[in-house]
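Listing of start.cif, mmCIF, C-alpha atoms
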```
data_data
loop_
_atom_site.label_atom_id
_atom_site.label_comp_id
_atom_site.auth_asym_id
_atom_site.auth_seq_id
_atom_site.Cartn_x
_atom_site.Cartn_y
_atom_site.Cartn_z
CA MET A 1 -15.92 5.51 5.15
CA ALA A 2 -16.41 7.16 8.47
CA PHE A 3 -13.80 9.84 9.10
CA THR A 4 -13.18 11.13 12.60
CA GLY A 5 -11.76 14.63 12.63
CA ARG A 6 -10.55 16.41 9.52
CA TRP A 7 -8.87 14.42 6.74
CA GLU A 8 -7.49 15.45 3.36
CA SER A 9 -7.13 13.58 0.07
CA HIS A 10 -4.48 14.13 -2.58
CA GLU A 11 -5.59 11.29 -4.89
CA ASP A 12 -9.12 10.31 -5.87
CA GLN A 13 -9.00 8.15 -8.99
CA PRO A 14 -10.48 4.76 -9.94
CA VAL A 15 -7.16 3.01 -9.17
CA GLU A 16 -6.12 5.02 -6.09
CA PHE A 17 -7.83 6.87 -3.29
CA SER A 18 -5.56 8.15 -0.54
CA VAL A 19 -6.26 10.14 2.61
CA ALA A 20 -4.48 11.44 5.68
CA PRO A 21 -5.48 13.32 8.79
CA GLU A 22 -5.29 17.02 7.96
CA GLY A 23 -1.73 18.34 8.13
CA SER A 24 -0.06 14.92 8.35
CA TRP A 25 0.22 13.97 4.68
CA ASP A 26 4.03 13.87 4.85
CA LEU A 27 3.98 11.60 7.93
CA HIS A 28 1.35 8.96 7.33
CA ARG A 29 -1.65 8.17 5.16
CA VAL A 30 -4.08 5.45 4.07
CA LEU A 31 -4.13 4.33 0.43
CA PHE A 32 -6.79 2.27 -1.36
CA TRP A 33 -5.63 0.68 -4.62
CA SER A 34 -7.14 -1.57 -7.26
CA ASP A 35 -5.23 -4.08 -9.37
CA LEU A 36 -1.68 -3.37 -8.24
CA ILE A 37 1.11 -4.43 -10.57
CA PRO A 38 4.54 -5.44 -9.22
CA VAL A 39 7.57 -3.69 -10.72
CA GLY A 40 11.24 -4.58 -10.42
CA LYS A 41 14.10 -2.22 -9.66
CA ASP A 42 14.13 -1.37 -13.38
CA ARG A 43 10.59 0.05 -12.86
CA LYS A 44 9.25 -2.48 -15.40
CA ARG A 45 6.39 -4.91 -14.78
CA ALA A 46 7.68 -8.02 -13.03
CA ALA A 47 7.05 -11.07 -15.21
CA GLY A 48 5.27 -14.19 -14.02
CA VAL A 49 3.64 -12.74 -10.90
CA ALA A 50 0.04 -13.82 -10.37
CA GLY A 51 -2.33 -10.85 -9.90
CA THR A 52 -3.54 -12.23 -6.57
CA ALA A 53 -2.83 -11.51 -2.91
CA SER A 54 -0.77 -14.70 -2.60
CA GLY A 55 1.11 -13.98 -5.82
CA LEU A 56 2.03 -10.45 -4.81
CA VAL A 57 3.08 -11.44 -1.27
CA ALA A 58 5.26 -14.25 -2.61
CA TRP A 59 6.91 -11.88 -5.11
CA LEU A 60 7.47 -9.15 -2.50
CA GLY A 61 9.30 -11.75 -0.40
CA THR A 62 11.82 -12.23 -3.22
CA ARG A 63 12.84 -8.56 -3.35
CA PRO A 64 16.23 -8.29 -1.57
CA ASN A 65 15.85 -4.54 -0.97
CA LEU A 66 12.63 -5.05 0.98
CA GLN A 67 12.13 -6.45 4.46
CA LEU A 68 8.78 -8.25 4.62
CA SER A 69 7.04 -9.39 7.79
CA THR A 70 5.50 -12.84 8.01
CA PRO A 71 2.10 -12.65 6.28
CA ARG A 72 -0.89 -12.78 8.60
CA SER A 73 -4.66 -12.72 8.17
CA GLY A 74 -6.75 -9.58 8.35
CA THR A 75 -9.91 -8.04 6.94
CA ILE A 76 -10.90 -4.98 4.93
CA GLY A 77 -14.08 -2.95 5.34
CA LYS A 78 -17.60 -3.51 6.56
CA ALA A 79 -17.80 -6.71 4.50
CA ALA A 80 -14.75 -8.07 6.38
CA LEU A 81 -13.09 -9.05 3.11
CA PRO A 82 -10.37 -11.60 3.91
CA ALA A 83 -6.90 -10.16 3.42
CA LYS A 84 -3.24 -11.08 3.69
CA VAL A 85 -1.39 -8.45 5.73
CA VAL A 86 2.33 -7.70 5.57
CA ASP A 87 4.56 -4.89 6.77
CA ILE A 88 7.14 -3.72 4.24
CA ALA A 89 10.28 -1.75 5.06
CA ILE A 90 13.65 -1.13 3.42
CA SER A 91 16.13 -3.91 4.16
CA SER A 92 19.19 -2.96 6.21
CA THR A 93 21.30 -4.30 3.31
CA ALA A 94 19.28 -2.54 0.58
CA VAL A 95 20.96 -1.00 -2.41
CA ASN A 96 19.32 2.25 -3.46
CA GLU A 97 17.06 1.90 -6.53
CA ALA A 98 16.08 5.53 -7.15
CA ALA A 99 18.34 8.26 -8.54
CA ASP A 100 16.34 10.92 -6.68
CA CYS A 101 16.34 9.11 -3.31
CA PRO A 102 16.88 11.60 -0.44
CA VAL A 103 18.12 8.93 2.02
CA ARG A 104 20.41 5.88 2.06
CA ALA A 105 17.96 3.64 0.20
CA CYS A 106 14.66 3.75 -1.66
CA ALA A 107 12.84 0.91 -3.39
CA ASP A 108 10.11 1.14 -6.01
CA PHE A 109 7.91 -1.95 -6.24
CA LEU A 110 4.33 -1.22 -7.32
CA THR A 111 2.35 0.45 -10.06
CA TRP A 112 -1.22 0.24 -11.29
CA PRO A 113 -3.10 0.10 -14.60
CA ASN A 114 -2.74 3.17 -16.84
CA ALA A 115 -0.09 4.70 -14.54
CA GLY A 116 2.36 5.46 -17.31
CA ASP A 117 5.81 5.70 -15.75
CA HIS A 118 4.47 6.36 -12.23
CA VAL A 119 5.51 3.84 -9.58
CA TYR A 120 5.08 3.51 -5.84
CA GLY A 121 7.94 2.89 -3.47
CA ILE A 122 9.21 3.71 -0.02
CA ALA A 123 12.24 5.52 1.32
CA GLU A 124 14.03 4.45 4.47
CA PRO A 125 12.82 4.60 7.33
CA ALA A 126 9.21 4.41 6.05
CA VAL A 127 7.06 1.35 6.68
CA LEU A 128 4.02 0.26 4.69
CA ARG A 129 1.39 -2.07 6.15
CA LEU A 130 -0.27 -3.66 3.15
CA TYR A 131 -3.64 -5.44 3.19
CA LEU A 132 -4.25 -7.52 0.03
CA SER A 133 -7.59 -9.10 -0.83
CA ASP A 134 -8.76 -11.04 -3.86
CA VAL A 135 -12.15 -9.56 -4.69
CA ALA A 136 -14.77 -9.69 -7.42
CA TYR A 137 -16.70 -6.85 -9.02
CA GLY A 138 -17.94 -6.05 -12.48
CA GLY A 139 -17.93 -9.75 -13.34
CA LYS A 140 -14.13 -10.01 -12.92
CA ASN A 141 -11.61 -10.84 -10.22
CA HIS A 142 -9.44 -7.99 -8.94
CA LEU A 143 -6.72 -7.39 -6.36
CA LEU A 144 -7.78 -4.87 -3.72
CA ALA A 145 -4.98 -3.34 -1.69
CA VAL A 146 -5.09 -1.01 1.28
CA GLY A 147 -1.86 0.50 2.52
CA ILE A 148 -1.10 2.29 5.75
CA GLU A 149 2.08 4.34 5.48
CA GLY A 150 4.12 5.40 8.45
CA TRP A 151 7.11 7.74 8.47
CA ASP A 152 8.91 5.02 10.44
CA ARG A 153 7.96 2.05 12.65
CA ALA A 154 7.06 4.23 15.64
CA ASP A 155 4.85 6.49 13.53
CA LEU A 156 3.11 3.51 11.92
CA LYS A 157 2.43 2.01 15.35
CA ALA A 158 0.97 5.30 16.61
CA PHE A 159 -1.17 5.81 13.47
CA LEU A 160 -2.47 2.23 13.20
CA PRO A 161 -5.48 2.55 15.53
CA GLU A 162 -6.86 5.55 13.63
CA ALA A 163 -6.07 4.06 10.20
CA GLU A 164 -7.51 0.65 11.06
CA ARG A 165 -10.74 2.26 12.32
CA LEU A 166 -11.06 4.02 8.97
CA ILE A 167 -10.35 0.85 6.97
CA ALA A 168 -12.97 -1.06 8.98
CA THR A 169 -15.64 1.43 7.84
CA ALA A 170 -14.84 1.18 4.12
CA ASP A 171 -17.74 -0.05 2.03
CA ALA A 172 -17.95 -0.89 -1.67
CA PRO A 173 -19.89 -3.33 -3.84
CA LEU A 174 -17.17 -5.99 -3.60
CA SER A 175 -17.23 -9.65 -2.66
CA PRO A 176 -14.45 -12.13 -2.04
CA ALA A 177 -13.20 -13.63 -5.31
CA PRO A 178 -14.31 -17.21 -5.88
#
```
Would you mind writing the structure in this file as structure tokens?
Amino acid sequence: MAFTGRWESHEDQPVEFSVAPEGSWDLHRVLFWSDLIPVGKDRKRAAGVAGTASGLVAWLGTRPNLQLSTPRSGTIGKAALPAKVVDIAISSTAVNEAADCPVRACADFLTWPNAGDHVYGIAEPAVLRLYLSDVAYGGKNHLLAVGIEGWDRADLKAFLPEAERLIATADAPLSPAP
């Protein structure tokens, strides 16, 4: 990846790598994930969801506490891996799912292999732009996800050009899944 300016990382693991421009970690960041797993409001793995971009997008659309944009096409990285792109926010009618939520509503909806009881979610007014791509590496198919978090819609809009430039420079030995 080609970083412009100073960036910091708080996660660098096989299933997650996340970065943010220095000093802005609490406002916005870019997350790279492998093999996301959907979780329900009970923080348990959602049953019957295909581990593909289409499967995850379809499932996210069924979550009443989330507001999902219409899926659109996009790409990830130098290889221009085809991706489904959605914006995810807390629904205006959401019921809070997290006991420690500091605002009106939070929703947890993702985890990853070997995460234990760790889950990923958002708190109102945050917005997550999620790129999902079915990829192949190591002789297996995987779900690659790249998220761009914004504190709110205005912050996401302002951060998108910088985040999308970074995502376009990402390079890894991946190919689109057959």
Neighbours of point (24.1, 6.2, 2.5) within 12 Å, using all atoms listed in the file, written as a PyMOL selection string: chain A and resi 92-96+101-106+123-124
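Among the candidate residues A:Pro64, A:Val85, A:Arg43, A:Arg72, the one lying nearest to Ala98 (chain A) is A:Arg43, with distances computed using only C-alpha atoms.
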For Val135 (chain A): contacts at 12 Å, only C-alpha atoms, fewer than 3 positions along chain excluded, given as a ChimeraX atom specification: /A:34-35,51-53,75-76,79-83,132,138-145,172-178
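Between CA of Phe3 (chain A) and CA of Val119 (chain A) there is a distance of 27.5 Å.
Picture a line from CA of Asn114 (chain A) to CA of Ala163 (chain A); it runs 27.3 Å.
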Which centre and which edge lengths, in Å to one decimal, describe the axis-aligned box that holds all listed atoms of region 2-17 of chain A after 6 Å is added on each side, as lines of an AutoDock Vina configuration file?
```
center_x = -10.4
center_y = 9.7
center_z = 1.3
size_x = 23.9
size_y = 25.4
size_z = 34.6
```
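Residues selected in this file by the PyMOL selection byres ((chain A and resi 67) around 7) comprise Asn65, Leu66, Leu68, Ser69, Ile88, Ala89, Ile90 and Ser91 of chain A.
The gap separating CA of Ile148 (chain A) from CA of Val30 (chain A) is 4.7 Å, in Å to one decimal.
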Minimum-distance residue to Ala154 (chain A), chosen among A:Ala126, A:Leu110, A:Ala115, A:Val57 (using only C-alpha atoms): A:Ala126
Picked residues, the PyMOL selection byres ((chain A and resi 6-12) around 9), as a ChimeraX atom specification: /A:3-5,13-25,31
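With all atoms listed in the file as the atoms that count, the residue of A:Val146, A:Ala158, A:Leu166, A:Ala99 with the shortest distance to Phe32 (chain A) is A:Val146.
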Resolved residues for the PyMOL selection byres ((chain A and resi 155) around 12) as an MDAnalysis selection string: chainID A and resid 24 26:29 125:129 148:154 156:163
Write a file of the selected residues as a compact mmCIF listing (two decimals), keeping the file's coordinate frame, keeping C-alpha atoms.
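Listed below is the output, result01.txt:
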```
# COMPACT_ATOMS: atom_id res chain seq x y z
CA SER A 24 -0.06 14.92 8.35
CA ASP A 26 4.03 13.87 4.85
CA LEU A 27 3.98 11.60 7.93
CA HIS A 28 1.35 8.96 7.33
CA ARG A 29 -1.65 8.17 5.16
CA PRO A 125 12.82 4.60 7.33
CA ALA A 126 9.21 4.41 6.05
CA VAL A 127 7.06 1.35 6.68
CA LEU A 128 4.02 0.26 4.69
CA ARG A 129 1.39 -2.07 6.15
CA ILE A 148 -1.10 2.29 5.75
CA GLU A 149 2.08 4.34 5.48
CA GLY A 150 4.12 5.40 8.45
CA TRP A 151 7.11 7.74 8.47
CA ASP A 152 8.91 5.02 10.44
CA ARG A 153 7.96 2.05 12.65
CA ALA A 154 7.06 4.23 15.64
CA LEU A 156 3.11 3.51 11.92
CA LYS A 157 2.43 2.01 15.35
CA ALA A 158 0.97 5.30 16.61
CA PHE A 159 -1.17 5.81 13.47
CA LEU A 160 -2.47 2.23 13.20
CA PRO A 161 -5.48 2.55 15.53
CA GLU A 162 -6.86 5.55 13.63
CA ALA A 163 -6.07 4.06 10.20
```
Nearby residues, (7.8, -6.4, -7.3) file frame, 7 Å, all atoms listed in the file, as a ChimeraX atom specification: /A:38-40,46,59-60,63,109-110
Contacts of Ala170 (chain A) at 7 Å (only C-alpha atoms; same-chain gap of 3+ positions) as a ChimeraX atom specification: /A:1,77-78,166-167
